[in-house]
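**Student:** Hey, dropping data14.cif in here, mmCIF, C-alpha atoms and all ligand atoms:
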```
data_protein
loop_
_atom_site.label_atom_id
_atom_site.label_comp_id
_atom_site.auth_asym_id
_atom_site.auth_seq_id
_atom_site.Cartn_x
_atom_site.Cartn_y
_atom_site.Cartn_z
CA MET Q 144 0.66 34.64 -19.38
CA ASN Q 145 2.47 34.12 -16.11
CA SER Q 146 3.70 37.42 -14.74
CA THR Q 147 6.07 37.93 -11.81
CA GLY Q 148 8.81 40.24 -10.61
CA ASN Q 149 10.21 37.60 -8.29
CA ILE Q 150 13.39 35.84 -9.40
CA PHE Q 151 12.75 32.66 -7.40
CA GLU Q 152 9.16 32.37 -8.60
CA LEU Q 153 10.22 32.75 -12.22
CA ARG Q 154 12.91 30.09 -11.81
CA LYS Q 155 10.42 27.77 -10.09
CA ASN Q 156 7.89 28.22 -12.90
CA LEU Q 157 10.48 27.59 -15.62
CA GLU Q 158 12.03 24.56 -13.96
CA PRO Q 159 9.47 21.87 -14.95
CA HIS Q 160 9.62 23.00 -18.60
CA LYS Q 161 13.41 22.82 -18.60
CA LYS Q 162 13.33 19.40 -16.98
CA ALA Q 163 10.92 18.28 -19.71
CA GLY Q 164 13.55 19.35 -22.27
CA LYS Q 165 11.58 22.34 -23.57
CA THR Q 166 13.45 25.27 -25.09
CA ILE Q 167 13.26 28.77 -23.61
CA GLY Q 168 13.71 32.07 -25.47
CA LEU Q 169 14.41 35.32 -23.62
CA VAL Q 170 13.63 38.79 -24.93
CA PRO Q 171 15.24 41.35 -22.58
CA THR Q 172 13.61 44.78 -22.83
CA MET Q 173 13.18 48.02 -20.93
CA GLY Q 174 9.47 48.06 -21.83
CA ASN Q 175 7.51 50.59 -23.89
CA LEU Q 176 7.18 47.79 -26.41
CA HIS Q 177 6.94 48.77 -30.09
CA ASP Q 178 6.88 46.70 -33.28
CA GLY Q 179 10.66 46.25 -33.09
CA HIS Q 180 10.34 44.50 -29.71
CA MET Q 181 7.27 42.56 -30.82
CA HIS Q 182 9.24 41.25 -33.78
CA LEU Q 183 11.78 39.79 -31.32
CA VAL Q 184 8.98 38.31 -29.21
CA ARG Q 185 7.27 36.72 -32.21
CA GLN Q 186 10.57 35.24 -33.39
CA SER Q 187 11.23 33.79 -29.95
CA LEU Q 188 7.69 32.35 -29.79
CA GLU Q 189 8.18 30.75 -33.19
CA LYS Q 190 11.58 29.23 -32.43
CA ASN Q 191 11.13 28.15 -28.78
CA ASP Q 192 8.68 26.16 -26.70
CA TYR Q 193 8.42 28.98 -24.14
CA THR Q 194 9.21 32.69 -24.25
CA VAL Q 195 10.15 34.95 -21.36
CA VAL Q 196 10.00 38.74 -21.89
CA SER Q 197 11.73 40.80 -19.23
CA ILE Q 198 10.85 44.43 -18.62
CA PHE Q 199 13.39 46.22 -16.47
CA ILE Q 200 14.58 49.80 -16.82
CA ASN Q 201 18.17 49.24 -15.81
CA PRO Q 202 19.52 52.24 -13.87
CA LEU Q 203 23.08 50.96 -14.25
CA GLN Q 204 23.13 51.69 -17.99
CA PHE Q 205 22.03 55.34 -17.68
CA ASN Q 206 24.51 58.14 -17.01
CA PRO Q 207 23.50 60.76 -14.41
CA ASN Q 208 22.66 63.29 -17.16
CA GLU Q 209 20.51 60.81 -19.14
CA ASP Q 210 16.79 60.09 -19.32
CA LEU Q 211 16.32 57.41 -16.61
CA GLU Q 212 13.59 59.40 -14.86
CA THR Q 213 11.64 60.20 -18.03
CA TYR Q 214 12.19 56.89 -19.86
CA PRO Q 215 8.69 55.85 -21.03
CA ARG Q 216 6.96 53.45 -18.63
CA THR Q 217 3.89 51.80 -20.21
CA ILE Q 218 3.54 48.51 -18.35
CA LYS Q 219 -0.25 48.22 -18.83
CA GLU Q 220 -0.03 48.57 -22.63
CA ASP Q 221 3.06 46.34 -22.72
CA LYS Q 222 1.21 43.56 -20.86
CA GLU Q 223 -1.74 43.80 -23.27
CA LYS Q 224 0.57 43.46 -26.28
CA LEU Q 225 2.36 40.46 -24.77
CA LEU Q 226 -0.91 38.76 -23.83
CA ALA Q 227 -2.28 39.30 -27.33
CA CYS Q 228 0.73 37.68 -29.00
CA GLY Q 229 0.75 34.64 -26.69
CA CYS Q 230 3.87 35.36 -24.64
CA ASP Q 231 4.30 32.75 -21.89
CA PHE Q 232 6.19 34.55 -19.11
CA LEU Q 233 6.58 38.21 -18.23
CA PHE Q 234 9.36 39.06 -15.80
CA THR Q 235 9.14 42.52 -14.21
CA PRO Q 236 11.70 42.74 -11.42
CA THR Q 237 12.26 45.91 -9.37
CA THR Q 238 15.64 47.56 -8.96
CA GLN Q 239 15.75 45.99 -5.50
CA ASP Q 240 15.21 42.51 -7.01
CA ILE Q 241 18.05 42.95 -9.49
CA TYR Q 242 20.44 44.98 -7.35
CA PRO Q 243 19.63 44.02 -3.74
CA GLU Q 244 23.12 45.12 -2.65
CA THR Q 245 22.37 48.79 -3.45
CA PRO Q 246 23.79 51.23 -2.31
CA TYR Q 247 26.95 49.07 -2.15
CA PRO Q 248 28.79 48.80 -5.47
CA HIS Q 249 27.63 45.92 -7.60
CA THR Q 250 29.88 43.50 -9.48
CA GLN Q 251 30.09 44.72 -13.07
CA VAL Q 252 30.79 42.96 -16.32
CA LYS Q 253 32.90 44.75 -18.93
CA VAL Q 254 33.82 43.79 -22.46
CA PRO Q 255 36.93 45.90 -23.02
CA GLY Q 256 37.67 47.46 -26.39
CA LEU Q 257 34.30 47.06 -28.05
CA SER Q 258 32.64 48.95 -25.17
CA ASP Q 259 34.98 51.92 -25.37
CA ILE Q 260 34.24 53.14 -28.90
CA LEU Q 261 31.27 54.78 -30.70
CA CYS Q 262 28.31 54.82 -28.21
CA GLY Q 263 30.74 53.84 -25.43
CA LEU Q 264 32.64 57.11 -25.94
CA GLU Q 265 29.46 59.16 -25.66
CA ARG Q 266 27.99 57.12 -22.81
CA PRO Q 267 30.82 56.05 -20.48
CA GLY Q 268 29.81 53.04 -18.36
CA HIS Q 269 26.70 52.38 -20.47
CA PHE Q 270 27.81 49.01 -21.84
CA GLU Q 271 29.06 47.85 -18.44
CA GLY Q 272 25.51 48.50 -17.20
CA VAL Q 273 24.05 46.58 -20.15
CA CYS Q 274 26.47 43.65 -19.76
CA THR Q 275 25.89 43.42 -16.03
CA VAL Q 276 22.10 43.30 -16.32
CA VAL Q 277 22.12 40.98 -19.34
CA THR Q 278 24.46 38.57 -17.50
CA LYS Q 279 22.09 38.64 -14.57
CA LEU Q 280 19.02 38.04 -16.74
CA LEU Q 281 20.77 35.19 -18.56
CA ASN Q 282 21.71 33.64 -15.21
CA ILE Q 283 18.15 33.98 -13.89
CA VAL Q 284 16.39 32.58 -16.96
CA SER Q 285 19.11 30.31 -18.47
CA PRO Q 286 17.50 30.61 -21.89
CA ASP Q 287 18.53 28.58 -24.92
CA SER Q 288 18.39 31.76 -27.04
CA ALA Q 289 18.16 35.47 -26.29
CA TYR Q 290 16.90 37.99 -28.83
CA PHE Q 291 18.29 41.50 -29.47
CA GLY Q 292 17.46 44.15 -32.05
CA LEU Q 293 20.20 45.10 -34.47
CA LYS Q 294 19.44 48.82 -34.13
CA ASP Q 295 21.72 48.49 -31.10
CA TYR Q 296 24.33 46.73 -33.20
CA GLN Q 297 27.25 47.57 -30.90
CA GLN Q 298 25.25 46.20 -27.94
CA TYR Q 299 24.53 43.01 -29.92
CA LEU Q 300 28.25 42.46 -30.70
CA ILE Q 301 29.25 43.19 -27.10
CA VAL Q 302 26.65 40.79 -25.65
CA LYS Q 303 27.68 38.12 -28.14
CA LYS Q 304 31.35 38.47 -27.18
CA MET Q 305 30.49 38.59 -23.48
CA THR Q 306 28.57 35.31 -23.59
CA LYS Q 307 31.39 33.69 -25.57
CA ASP Q 308 34.10 34.99 -23.22
CA LEU Q 309 32.18 33.96 -20.08
CA GLY Q 310 31.07 30.58 -21.43
CA ILE Q 311 27.39 31.44 -21.08
CA ASP Q 312 25.44 28.74 -22.90
CA THR Q 313 22.86 30.95 -24.65
CA ARG Q 314 22.63 31.64 -28.37
CA ILE Q 315 22.53 35.40 -28.98
CA VAL Q 316 20.25 36.19 -31.91
CA GLY Q 317 20.23 39.59 -33.64
CA LEU Q 318 17.15 40.56 -35.62
CA GLU Q 319 16.76 43.22 -38.25
CA ILE Q 320 15.76 46.81 -37.57
CA ILE Q 321 12.06 47.59 -37.88
CA ARG Q 322 11.40 51.01 -39.45
CA ASP Q 323 8.40 53.28 -39.88
CA PRO Q 324 7.11 53.69 -43.47
CA ASN Q 325 9.58 56.57 -43.96
CA GLY Q 326 12.60 54.65 -42.79
CA LEU Q 327 12.93 55.94 -39.22
CA ALA Q 328 14.18 53.08 -37.02
CA LEU Q 329 11.61 52.32 -34.30
CA SER Q 330 12.81 53.33 -30.83
CA SER Q 331 11.15 54.07 -27.50
CA ARG Q 332 12.87 57.45 -27.63
CA ASN Q 333 10.90 58.39 -30.80
CA ASN Q 334 7.98 58.98 -28.40
CA PHE Q 335 9.72 62.12 -27.20
CA LEU Q 336 9.85 63.66 -30.70
CA SER Q 337 7.37 66.16 -32.14
CA ASP Q 338 6.11 65.64 -35.73
CA GLU Q 339 8.62 68.19 -36.95
CA GLU Q 340 11.47 66.46 -35.12
CA ILE Q 341 10.41 63.08 -36.54
CA CYS Q 342 10.79 64.56 -40.05
CA LYS Q 343 14.27 65.77 -39.15
CA ALA Q 344 15.17 62.42 -37.57
CA ARG Q 345 14.52 60.66 -40.89
CA GLN Q 346 17.69 62.29 -42.21
CA ILE Q 347 19.74 59.73 -40.27
CA TYR Q 348 18.49 56.82 -42.36
CA ARG Q 349 18.64 58.89 -45.56
CA SER Q 350 22.29 59.65 -44.88
CA LEU Q 351 23.04 56.01 -44.07
CA LYS Q 352 21.50 54.91 -47.37
CA LYS Q 353 23.30 57.66 -49.27
CA ALA Q 354 26.60 56.61 -47.68
CA ALA Q 355 25.97 52.99 -48.69
CA GLU Q 356 25.34 54.19 -52.23
CA ARG Q 357 28.52 56.27 -52.20
CA ILE Q 358 30.55 53.29 -50.94
CA ASN Q 359 29.21 51.15 -53.75
CA HIS Q 360 29.32 53.66 -56.57
CA SER Q 361 31.24 56.90 -55.90
CA GLY Q 362 34.84 55.81 -55.46
CA LEU Q 363 35.14 58.32 -52.60
CA LYS Q 364 37.31 57.44 -49.59
CA PHE Q 365 35.40 56.17 -46.53
CA GLN Q 366 36.55 59.16 -44.50
CA ASP Q 367 35.19 61.60 -47.07
CA ILE Q 368 31.87 59.75 -47.17
CA GLU Q 369 31.67 59.99 -43.37
CA LYS Q 370 32.38 63.74 -43.51
CA LEU Q 371 29.68 64.34 -46.13
CA ALA Q 372 27.10 62.44 -44.07
CA HIS Q 373 28.07 64.30 -40.91
CA GLN Q 374 27.46 67.57 -42.73
CA GLU Q 375 24.10 66.40 -44.17
CA ILE Q 376 22.87 65.38 -40.72
CA HIS Q 377 24.02 68.69 -39.28
CA ASP Q 378 22.35 70.64 -42.11
CA ALA Q 379 19.05 68.83 -41.42
CA GLY Q 380 19.00 70.37 -37.94
CA LEU Q 381 20.39 67.48 -35.91
CA THR Q 382 23.56 67.34 -33.82
CA PRO Q 383 25.60 64.46 -35.19
CA GLU Q 384 27.65 62.47 -32.65
CA TYR Q 385 29.31 60.00 -34.93
CA PHE Q 386 28.93 58.66 -38.43
CA ALA Q 387 31.30 55.75 -38.92
CA ILE Q 388 31.97 53.17 -41.60
CA CYS Q 389 33.29 50.09 -39.79
CA ASN Q 390 34.18 46.46 -40.20
CA SER Q 391 30.96 44.75 -39.16
CA GLU Q 392 32.67 42.02 -37.11
CA CYS Q 393 34.86 44.13 -34.83
CA LEU Q 394 33.72 47.75 -35.41
CA ARG Q 395 37.21 49.04 -36.25
CA SER Q 396 37.31 51.70 -39.00
CA ALA Q 397 36.67 49.93 -42.28
CA ALA Q 398 39.52 49.19 -44.66
CA PRO Q 399 38.89 49.09 -48.42
CA GLU Q 400 39.47 45.31 -48.48
CA ASP Q 401 36.87 44.54 -45.75
CA PRO Q 402 34.05 42.53 -47.34
CA ASP Q 403 31.35 43.20 -44.74
CA LEU Q 404 30.79 46.72 -43.51
CA ILE Q 405 28.43 48.49 -41.19
CA ILE Q 406 27.68 52.18 -41.27
CA LEU Q 407 26.66 53.45 -37.84
CA ALA Q 408 25.23 56.82 -36.89
CA ALA Q 409 24.28 58.57 -33.67
CA ALA Q 410 22.73 62.02 -33.56
CA ARG Q 411 20.79 64.18 -31.17
CA ILE Q 412 17.64 66.18 -31.68
CA GLY Q 413 17.65 68.48 -28.69
CA SER Q 414 18.35 66.13 -25.80
CA ILE Q 415 17.01 63.02 -27.57
CA ARG Q 416 19.72 60.69 -28.77
CA LEU Q 417 18.98 58.42 -31.74
CA ILE Q 418 21.08 55.67 -33.29
CA ASP Q 419 20.76 53.68 -36.50
CA ASN Q 420 22.86 51.61 -38.88
CA ILE Q 421 23.00 49.85 -42.22
CA ARG Q 422 25.10 46.81 -43.05
CA ILE Q 423 26.49 46.28 -46.52
CA SER Q 424 28.36 43.45 -48.11
CA LEU Q 425 30.91 44.60 -50.64
CA THR Q 426 31.19 41.11 -52.11
CA SER Q 427 27.58 41.06 -53.22
CA HIS Q 428 27.05 44.86 -53.20
CA LYS Q 429 23.90 44.25 -51.17
CA GLN Q 430 22.37 45.95 -48.20
CA LEU Q 431 21.92 43.27 -45.51
CA SER Q 432 19.06 43.22 -43.09
CA SER Q 433 19.39 40.43 -40.52
CA ILE Q 434 21.91 38.12 -38.89
O1 LIG C 501 18.35 47.15 -25.51
C1 LIG C 501 17.78 47.32 -24.41
O2 LIG C 501 16.59 47.59 -24.33
C2 LIG C 501 18.59 47.19 -23.13
O3 LIG C 501 19.88 47.67 -23.30
C3 LIG C 501 18.61 45.76 -22.56
C4 LIG C 501 19.29 44.79 -23.50
C5 LIG C 501 17.19 45.30 -22.29
C6 LIG C 501 19.39 45.74 -21.25
O4 LIG C 501 18.81 46.58 -20.29
#
```
Kindly present the structure from the file in structure tokens form.
**Tutor:**
Amino acid sequence: MNSTGNIFELRKNLEPHKKAGKTIGLVPTMGNLHDGHMHLVRQSLEKNDYTVVSIFINPLQFNPNEDLETYPRTIKEDKEKLLACGCDFLFTPTTQDIYPETPYPHTQVKVPGLSDILCGLERPGHFEGVCTVVTKLLNIVSPDSAYFGLKDYQQYLIVKKMTKDLGIDTRIVGLEIIRDPNGLALSSRNNFLSDEEICKARQIYRSLKKAAERINHSGLKFQDIEKLAHQEIHDAGLTPEYFAICNSECLRSAAPEDPDLIILAAARIGSIRLIDNIRISLTSHKQLSSI
């Protein structure tokens, strides 16, 4: 595996493969790779001639009160996992490589509307940070496809719209959520949870499934289903942020005639913020898993 933090070196190493007409897949990550990330990497390896994994903890997407300092950094273990699965290129830039203009304000990319709801309300500026770094990574690597996990569904939709709006010629691929055997969506932030907190955290997925069941079978209004789930999550000892049944294409509140829905939840356990979602199709009454 070729490993560099240098933008020009990475470009130089990719160039001959591009010239030879080979396809490149990019998996952007912030490291601390778990099975969810490795699923994206394996998919990219399968579908492309070469795969680049980037590891960069992007300060621009953290608010001042968030966990930038304590975000898990496990580069040695990450490298071992990537080597073992046959990843071709690892890109590990520093903040100086990505934002050499610091401390001067950096150009930012914003997708209005979609960035201002749900997680965007709780984390102002977060999606601008994501869009800015993803644009930069896409410009550096120029991949044919880039792979994102659907746990961050709002991020996936925003990045997809951003690439369309800006005419970036990369296919954005969303892959299904990987869960632990009890349904908890894998996340680097799970590392911060004690065993007891992990048990509590499982309520998020239980409530999502219950809400899907209620949508399909109870005849209750969406708003009432959201309220019930909010209460369940609260009663399990978590602090719910939002629990929302939305149209899965644009994330506006779902209307009864919408065929494809997504139920999204965010909740905190202490200071740890977790998100999860379930998509359902009302036409086939099926829970969907990948795009
Ligand atoms: O999903 C993430 O890990 C990050 O938001 C991403 C896409 C790597 C951008 O920093």
**Student:** For ligand LIG 501 (chain C), which residue out of Q:Lys370, Q:Lys364, Q:His269, Q:Arg416 is the nearest one, using only C-alpha atoms and all ligand atoms?
**Tutor:** Q:His269
**Student:** Could you work out how far CA of Thr237 (chain Q) lies from CA of Arg216 (chain Q), giving the answer in Å with one decimal?
**Tutor:**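 The value is 13.1 Å.
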**Student:** Counting only C-alpha atoms, which residue out of Q:Ile388, Q:Arg185, Q:Gly263, Q:Thr166 sits closest to Ala227 (chain Q)?
**Tutor:** Q:Arg185
**Student:** How many Å lie between CA of Arg314 (chain Q) and CA of Lys155 (chain Q), rounded to one decimal?
**Tutor:**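 That distance, rounded to one decimal, is 22.3 Å.
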**Student:** Residues near Asn333 (chain Q), anyone? I mean within 12 Å using all atoms listed in the file, not counting same-chain ones fewer than 5 positions away, as a list in words.
**Tutor:**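 Residues near the query, excluding close chain neighbours: Asn175, His177, Tyr214, Pro215, Arg322, Asp323, Leu327, Ala328, Asp338, Glu339, Glu340, Ile341, Cys342, Lys343, Ala344, Arg345, Arg411, Ile412, Ser414, Ile415, Arg416, Leu417 and Ile418 of chain Q.
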**Student:** Distance limit 9 Å, reference ligand LIG 501 (chain C), atoms considered: all atoms listed in the file. Which residues make the cut? Give them as an NGL selection string.
**Tutor:** :Q and (170-174 or 180 or 197-204 or 269-270 or 272-277 or 280 or 290-292 or 294-295 or 298-299 or 302)
**Student:** Of the candidates Q:Asp378, Q:Glu158, Q:Glu189, Q:Glu319, which shows the shortest atom-to-atom distance to Val284 (chain Q), using all atoms listed in the file?
**Tutor:**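 Of Q:Asp378, Q:Glu158, Q:Glu189, Q:Glu319, the one nearest Val284 (chain Q), counting all atoms listed in the file, is Q:Glu158.
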**Student:** In terms of the shortest atom-to-atom distance over all atoms listed in the file, which of Q:Asn325, Q:Tyr385, Q:Val254, Q:Asp287 is closest to Lys307 (chain Q)?
**Tutor:**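 Of Q:Asn325, Q:Tyr385, Q:Val254, Q:Asp287, the one nearest Lys307 (chain Q), counting all atoms listed in the file, is Q:Val254.
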**Student:** Between Q:Ser288, Q:Leu281, Q:Ser424, Q:Asp178, which residue has the minimum interatomic distance to Leu309 (chain Q), considering all atoms listed in the file?
**Tutor:** Q:Leu281
**Student:** Quick one: residues within 8 Å of Leu233 (chain Q), all atoms listed in the file, excluding same-chain residues fewer than 3 positions away - as a list in words?
**Tutor:**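 Selected residues are Met144, Asn145, Ser146, Thr147, Val195, Val196, Ser197, Ile198 and Cys230 of chain Q.
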**Student:** Using Å and a single decimal, report how far CA of Ile406 (chain Q) sits from CA of Cys389 (chain Q).
**Tutor:**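 A separation of 6.2 Å between them.
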**Student:** Using only C-alpha atoms, which protein or nucleic acid residues come within 8 Å of Gln346 (chain Q)? Drop anything in the same chain fewer than 6 positions from it, and give the result as a PDB file with C-alpha atoms, in the coordinates of the input.
**Tutor:**
```pdb
ATOM      1  CA  GLU Q 375      24.100  66.400 -44.170  1.00  0.00           C
ATOM      2  CA  ILE Q 376      22.870  65.380 -40.720  1.00  0.00           C
ATOM      3  CA  ALA Q 379      19.050  68.830 -41.420  1.00  0.00           C
TER       4      ALA Q 379
END
```
**Student:** From the list Q:Leu329, Q:Leu293, Q:Leu371, Q:Ala397, which residue is nearest Ile421 (chain Q) when using only C-alpha atoms?
**Tutor:**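 Residue with the minimum atom-to-atom distance to Ile421 (chain Q): Q:Leu293.
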**Student:** If you take every atom of region 365-369 of chain Q that the file lists and fit an axis-aligned box around them with 4 Å extra on each side, what centre and edge lengths come out in Å to one decimal, as AutoDock Vina command-line options?
**Tutor:**
```
--center_x 34.1 --center_y 58.9 --center_z -45.3 --size_x 12.9 --size_y 13.4 --size_z 11.8
```
**Student:** Hey, what's within 9 Å of Asp192 (chain Q) if we count only C-alpha atoms and toss same-chain stuff fewer than 3 positions away? As a CSV table (one decimal) with C-alpha atoms, keeping the file's coordinate frame, please?
**Tutor:**
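See result-v8.csv below for the written result:
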```
chain,number,residue,atom,x,y,z
Q,160,HIS,CA,9.6,23.0,-18.6
Q,165,LYS,CA,11.6,22.3,-23.6
Q,166,THR,CA,13.4,25.3,-25.1
Q,167,ILE,CA,13.3,28.8,-23.6
Q,168,GLY,CA,13.7,32.1,-25.5
Q,187,SER,CA,11.2,33.8,-30.0
Q,188,LEU,CA,7.7,32.4,-29.8
Q,189,GLU,CA,8.2,30.8,-33.2
```
